[in-house]
$ cat data19.csv   # CSV, C-alpha atoms
chain,number,residue,atom,x,y,z
A,1,MET,CA,-47.0,-12.8,52.8
A,2,PRO,CA,-44.0,-10.4,52.1
A,3,PRO,CA,-41.3,-11.8,49.8
A,4,ASP,CA,-38.2,-13.4,51.3
A,5,PRO,CA,-35.3,-10.8,51.1
A,6,PHE,CA,-32.8,-13.6,50.4
A,7,VAL,CA,-34.9,-15.0,47.5
A,8,ALA,CA,-35.4,-11.4,46.1
A,9,CYS,CA,-31.7,-10.8,46.2
A,10,CYS,CA,-30.9,-14.0,44.4
A,11,GLU,CA,-33.4,-13.2,41.7
A,12,LYS,CA,-31.8,-9.8,41.1
A,13,GLN,CA,-28.4,-11.4,40.8
A,14,ILE,CA,-29.7,-14.0,38.3
A,15,ILE,CA,-31.4,-11.3,36.2
A,16,ARG,CA,-28.2,-9.1,36.3
A,17,SER,CA,-26.1,-12.1,35.2
A,18,LEU,CA,-28.5,-12.9,32.3
A,19,VAL,CA,-28.4,-9.3,31.1
A,20,ASN,CA,-24.6,-9.2,31.2
A,21,LYS,CA,-24.4,-12.5,29.2
A,22,ALA,CA,-26.8,-11.2,26.6
A,23,TRP,CA,-24.9,-7.9,26.2
A,24,CYS,CA,-21.6,-9.8,25.8
A,25,ALA,CA,-23.1,-12.1,23.2
A,26,GLY,CA,-24.4,-9.1,21.3
A,27,LYS,CA,-21.0,-7.5,21.3
A,28,ALA,CA,-19.3,-10.7,20.1
A,29,HIS,CA,-21.8,-11.0,17.2
A,30,GLU,CA,-21.3,-7.4,16.3
A,31,LYS,CA,-17.5,-7.9,16.1
A,32,SER,CA,-17.9,-11.1,14.0
A,33,ILE,CA,-20.0,-9.4,11.4
A,34,LYS,CA,-17.8,-6.4,11.1
A,35,GLY,CA,-14.8,-8.5,10.0
A,36,PRO,CA,-11.2,-7.5,10.3
A,37,PRO,CA,-10.3,-3.9,11.1
A,38,GLY,CA,-9.7,-1.4,8.4
A,39,PRO,CA,-6.8,1.0,8.1
A,40,LEU,CA,-5.7,3.3,10.8
A,41,TRP,CA,-5.0,6.8,9.6
A,42,GLU,CA,-1.7,8.5,10.3
A,43,TYR,CA,-0.6,11.9,8.9
A,44,GLY,CA,-3.5,11.7,6.5
A,45,ARG,CA,-2.6,8.3,5.0
A,46,PRO,CA,-3.8,4.8,5.8
A,47,VAL,CA,-1.7,2.5,7.9
A,48,TRP,CA,-3.0,-1.1,7.7
A,49,THR,CA,-3.1,-3.3,10.8
A,50,SER,CA,-1.5,-6.6,11.3
A,51,CYS,CA,-4.8,-8.4,10.5
A,52,SER,CA,-4.7,-7.1,6.9
A,53,ALA,CA,-1.0,-7.7,6.7
A,54,ALA,CA,-1.5,-11.4,7.4
A,55,MET,CA,-3.3,-11.7,4.0
A,56,GLY,CA,0.0,-11.3,2.0
A,57,LYS,CA,3.1,-13.3,1.4
A,58,ILE,CA,6.2,-12.8,-0.7
A,59,ILE,CA,9.3,-15.0,-1.3
A,60,PHE,CA,12.7,-13.5,-2.2
A,61,TYR,CA,15.3,-15.7,-3.9
A,62,GLU,CA,19.0,-14.8,-4.2
A,63,GLY,CA,19.3,-16.6,-7.6
A,64,SER,CA,17.4,-16.1,-10.9
A,65,ASN,CA,14.6,-18.4,-11.7
A,66,PHE,CA,13.8,-19.0,-8.0
A,67,GLN,CA,17.1,-20.6,-7.2
A,68,GLY,CA,19.4,-20.3,-4.3
A,69,ARG,CA,18.7,-19.1,-0.8
A,70,SER,CA,15.2,-17.8,-0.2
A,71,TYR,CA,13.3,-15.8,2.4
A,72,GLU,CA,9.6,-15.9,3.0
A,73,CYS,CA,8.0,-12.7,4.3
A,74,SER,CA,4.4,-11.9,5.3
A,75,ALA,CA,4.8,-8.5,6.9
A,76,ASP,CA,6.7,-5.2,6.5
A,77,CYS,CA,10.4,-5.6,6.7
A,78,PRO,CA,12.6,-2.5,7.1
A,79,ASP,CA,15.9,-4.2,6.5
A,80,THR,CA,16.2,-7.5,4.6
A,81,TYR,CA,20.1,-7.7,4.7
A,82,ARG,CA,20.0,-10.2,7.6
A,83,TYR,CA,18.0,-12.7,5.5
A,84,PHE,CA,19.6,-12.5,2.0
A,85,ASN,CA,22.5,-10.7,0.3
A,86,CYS,CA,20.8,-10.0,-3.1
A,87,CYS,CA,17.5,-10.6,-4.9
A,88,ASN,CA,17.3,-11.9,-8.4
A,89,SER,CA,13.8,-13.5,-8.4
A,90,ILE,CA,10.6,-13.1,-6.5
A,91,ARG,CA,7.3,-14.9,-6.0
A,92,VAL,CA,4.3,-13.0,-4.7
A,93,MET,CA,1.7,-15.3,-3.2
A,94,GLY,CA,-0.7,-12.6,-2.0
A,95,GLY,CA,-1.2,-9.0,-1.4
A,96,HIS,CA,0.4,-5.9,-3.0
A,97,TRP,CA,4.0,-5.2,-2.2
A,98,VAL,CA,6.4,-2.4,-2.6
A,99,GLY,CA,10.1,-3.3,-2.7
A,100,TYR,CA,12.7,-0.7,-2.0
A,101,GLU,CA,16.3,-0.6,-3.1
A,102,LYS,CA,17.6,0.6,0.3
A,103,PRO,CA,16.7,-0.2,3.9
A,104,TYR,CA,13.9,1.6,5.7
A,105,TYR,CA,11.8,2.1,2.5
A,106,MET,CA,14.2,4.3,0.7
A,107,GLY,CA,15.7,4.3,-2.9
A,108,TYR,CA,14.1,2.9,-6.0
A,109,GLN,CA,10.6,1.6,-5.6
A,110,TYR,CA,9.2,-1.6,-7.2
A,111,ILE,CA,5.5,-2.3,-7.1
A,112,LEU,CA,4.9,-6.1,-7.0
A,113,GLY,CA,1.6,-7.8,-7.5
A,114,ARG,CA,0.7,-11.5,-7.3
A,115,GLY,CA,2.8,-13.5,-9.7
A,116,GLU,CA,6.3,-14.7,-10.5
A,117,TYR,CA,9.3,-12.6,-11.4
A,118,PRO,CA,12.1,-14.9,-12.6
A,119,ASN,CA,14.7,-12.0,-12.7
A,120,PHE,CA,14.9,-8.4,-11.6
A,121,HIS,CA,14.1,-7.1,-15.2
A,122,HIS,CA,10.6,-8.5,-14.7
A,123,TRP,CA,9.9,-6.0,-12.0
A,124,MET,CA,11.7,-3.3,-14.0
A,125,GLY,CA,14.5,-3.4,-11.5
A,126,PHE,CA,17.8,-1.4,-12.0
A,127,ASN,CA,19.8,-4.0,-10.0
A,128,SER,CA,19.4,-7.0,-7.7
A,129,CYS,CA,19.0,-4.9,-4.5
A,130,ILE,CA,15.9,-5.3,-2.4
A,131,ARG,CA,16.7,-4.0,1.1
A,132,SER,CA,13.2,-3.4,2.5
A,133,CYS,CA,9.5,-4.1,1.7
A,134,GLN,CA,6.0,-3.1,2.6
A,135,MET,CA,2.7,-5.0,2.1
A,136,PHE,CA,-0.6,-3.2,1.3
A,137,SER,CA,-4.0,-5.0,1.3
A,138,PRO,CA,-5.9,-5.2,-2.0
A,139,TYR,CA,-8.0,-2.1,-2.6
A,140,ARG,CA,-11.4,-2.4,-4.3
A,141,GLY,CA,-12.9,1.0,-3.9
A,142,ALA,CA,-13.1,4.2,-6.1
A,143,TYR,CA,-10.0,6.0,-7.5
A,144,ARG,CA,-9.6,9.8,-7.5
A,145,MET,CA,-6.5,12.0,-7.7
A,146,ARG,CA,-5.7,15.6,-8.5
A,147,ILE,CA,-2.4,16.6,-10.0
A,148,TYR,CA,-0.8,20.1,-10.2
A,149,ASN,CA,1.9,21.7,-12.3
A,150,ARG,CA,3.2,23.7,-9.3
A,151,PRO,CA,4.4,22.7,-5.7
A,152,GLU,CA,2.0,23.1,-2.7
A,153,MET,CA,-0.9,22.1,-4.9
A,154,TYR,CA,-1.0,25.4,-6.9
A,155,GLY,CA,-1.2,26.1,-10.6
A,156,GLN,CA,-3.1,24.1,-13.1
A,157,MET,CA,-5.0,21.2,-11.7
A,158,MET,CA,-6.6,18.2,-13.3
A,159,GLU,CA,-8.6,15.4,-11.6
A,160,PHE,CA,-8.2,11.8,-12.7
A,161,THR,CA,-10.2,8.7,-11.9
A,162,ASP,CA,-8.6,6.4,-14.5
A,163,ASP,CA,-5.1,5.5,-15.9
A,164,CYS,CA,-3.0,8.0,-17.8
A,165,PRO,CA,-0.5,6.4,-20.3
A,166,ASN,CA,0.9,9.9,-21.3
A,167,VAL,CA,0.8,12.8,-18.8
A,168,TYR,CA,1.8,15.4,-21.4
A,169,ASP,CA,-1.0,14.4,-23.8
A,170,ARG,CA,-3.6,14.7,-21.1
A,171,PHE,CA,-2.2,17.3,-18.8
A,172,GLY,CA,-0.2,19.5,-21.1
A,173,HIS,CA,2.9,19.4,-18.9
A,174,HIS,CA,5.9,17.2,-18.7
A,175,GLY,CA,5.9,16.9,-14.9
A,176,ILE,CA,3.8,16.7,-11.8
A,177,TYR,CA,4.9,19.0,-9.0
A,178,SER,CA,2.4,18.0,-6.4
A,179,CYS,CA,-0.8,15.9,-6.1
A,180,ASN,CA,-3.7,15.2,-3.8
A,181,CYS,CA,-4.5,11.4,-3.8
A,182,MET,CA,-8.0,11.3,-2.5
A,183,GLU,CA,-9.0,7.6,-3.1
A,184,GLY,CA,-7.1,4.5,-4.1
A,185,TYR,CA,-3.5,3.4,-4.6
A,186,TRP,CA,-1.7,4.8,-7.6
A,187,ILE,CA,1.6,4.2,-9.4
A,188,PHE,CA,3.7,7.0,-10.9
A,189,TYR,CA,6.1,6.2,-13.7
A,190,GLU,CA,9.1,8.2,-14.9
A,191,HIS,CA,8.3,7.7,-18.6
A,192,PRO,CA,5.1,7.4,-20.7
A,193,ASN,CA,3.5,4.0,-21.2
A,194,TYR,CA,4.3,2.9,-17.6
A,195,ARG,CA,8.1,2.7,-18.0
A,196,GLY,CA,11.0,3.8,-15.9
A,197,ARG,CA,11.3,4.5,-12.2
A,198,GLN,CA,8.1,3.8,-10.2
A,199,TYR,CA,6.6,5.7,-7.2
A,200,PHE,CA,3.9,4.3,-5.0
A,201,VAL,CA,1.2,6.9,-4.1
A,202,ARG,CA,-1.4,6.2,-1.4
A,203,PRO,CA,-4.1,8.6,-0.1
A,204,GLY,CA,-2.8,11.8,1.2
A,205,GLU,CA,-1.5,15.2,0.1
A,206,TYR,CA,1.9,15.4,-1.6
A,207,ARG,CA,3.1,19.0,-1.7
A,208,ALA,CA,6.3,18.3,-3.5
A,209,CYS,CA,7.7,15.5,-5.6
A,210,SER,CA,10.1,14.5,-2.9
A,211,GLU,CA,7.2,13.4,-0.8
A,212,TRP,CA,6.6,10.4,-3.1
A,213,GLY,CA,10.3,9.7,-3.3
A,214,SER,CA,11.3,11.5,-6.5
A,215,MET,CA,14.2,13.9,-6.9
A,216,ASN,CA,12.4,15.7,-9.8
A,217,PRO,CA,8.8,16.2,-11.0
A,218,MET,CA,9.2,14.3,-14.3
A,219,ILE,CA,6.3,11.8,-14.4
A,220,GLY,CA,5.4,10.5,-17.8
A,221,SER,CA,2.5,8.2,-16.9
A,222,PHE,CA,0.5,6.8,-14.0
A,223,ARG,CA,-2.1,4.2,-13.4
A,224,ARG,CA,-4.3,2.7,-10.7
A,225,MET,CA,-2.9,-0.1,-8.5
A,226,ARG,CA,-5.4,-2.8,-9.2
A,227,SER,CA,-5.3,-6.6,-8.7
A,228,SER,CA,-6.1,-7.2,-12.4
A,229,LEU,CA,-2.9,-5.5,-13.4
A,230,MET,CA,-0.6,-6.8,-10.7
$ encode --input "data19.csv" --output "structure tokens"
Amino acid sequence: MPPDPFVACCEKQIIRSLVNKAWCAGKAHEKSIKGPPGPLWEYGRPVWTSCSAAMGKIIFYEGSNFQGRSYECSADCPDTYRYFNCCNSIRVMGGHWVGYEKPYYMGYQYILGRGEYPNFHHWMGFNSCIRSCQMFSPYRGAYRMRIYNRPEMYGQMMEFTDDCPNVYDRFGHHGIYSCNCMEGYWIFYEHPNYRGRQYFVRPGEYRACSEWGSMNPMIGSFRRMRSSLM
């Protein structure tokens, strides 16, 4: 007896539905085991997504010792003036942050890790101005960077995978004119032993010192941006 066409059609639809459900379930499982998305890459540098940004939180206070008006932030903020007039103390609840003296991530840079900063001297600030901030997710991979004594990544080169408390002692030059940050987040300091103005360096090519925010190539020390130090 030949099969009923109507029954055969129903059986095909049921099988197709079961296959589609199994495929969707497999995709959902694949997404769940991958976890949150990593960084997107723009101009050779990582730009973290909002999922990673949600991991951090910082609180700014107008007064010293966490007094006065406060503002809680959990994402990049290009202009903080609408929320507070000055900043004299900070609490970092999670994530790595870079505070900037001027709006839109300009001016002096201050690298802030988890902890309490009862006054601006504790983050090596030159004043009480924090006008913008960016959050970067903790990094746990390898660190590798090449520095050069000439712009455009020319001249003498030296590769580093660890901290350098005195650039002149290790490199033989008083300044860094360009660098290629291949892995990890780094902090440049104006003076030896991690003192003076700070500059945040993330993966990418920096063909001149102005590209990491400095007006001159004088870098006295640098170190890896690690949770244990922040």
$ closest_residue --input "data19.csv" --among "A:Trp186, A:Tyr194, A:Tyr61, A:Tyr105" --to "Asp162 in chain A" --atoms "all atoms listed in the file"
A:Trp186
$ closest_residue --input "data19.csv" --among "A:Cys164, A:Ile111, A:Cys133, A:Met93" --to "Tyr185 in chain A" --atoms "only C-alpha atoms"
A:Ile111
$ closest_residue --input "data19.csv" --among "A:Met158, A:Met218, A:Cys86, A:Ile147" --to "Glu205 in chain A" --atoms "all atoms listed in the file"
A:Ile147
$ closest_residue --input "data19.csv" --among "A:Tyr168, A:Tyr199, A:Phe84, A:Phe222" --to "Met106 in chain A" --atoms "all atoms listed in the file"
A:Tyr199
$ residues_around --input "data19.csv" --residues "range 116-131 of chain A" --least-positions-apart "2" --cutoff "7 Å" --atoms "all atoms listed in the file" --output "PyMOL selection string"
chain A and resi 64-66+79-81+86-92+99-103+110
$ residues_around --input "data19.csv" --residues "range 176-184 of chain A" --least-positions-apart "3" --cutoff "8 Å" --atoms "only C-alpha atoms" --output "list in words"
Tyr139, Gly141, Ala142, Tyr143, Arg144, Met145, Arg146, Ile147, Tyr148, Asn149, Arg150, Pro151, Glu152, Met153, His173, Val201, Arg202, Pro203, Gly204, Glu205, Tyr206, Arg207, Ala208, Cys209, Pro217, Met218, Ile219, Arg224 and Met225 of chain A
$ atom_distance --input "data19.csv" --atom1 "CA of Gln109 in chain A" --atom2 "CA of Pro138 in chain A"
18.2 Å
$ closest_residue --input "data19.csv" --among "A:Gly220, A:Gly56, A:Pro78, A:Gly63" --to "Arg195 in chain A" --atoms "all atoms listed in the file"
A:Gly220
$ atom_distance --input "data19.csv" --atom1 "CA of Lys57 in chain A" --atom2 "CA of Gln198 in chain A"
21.3 Å
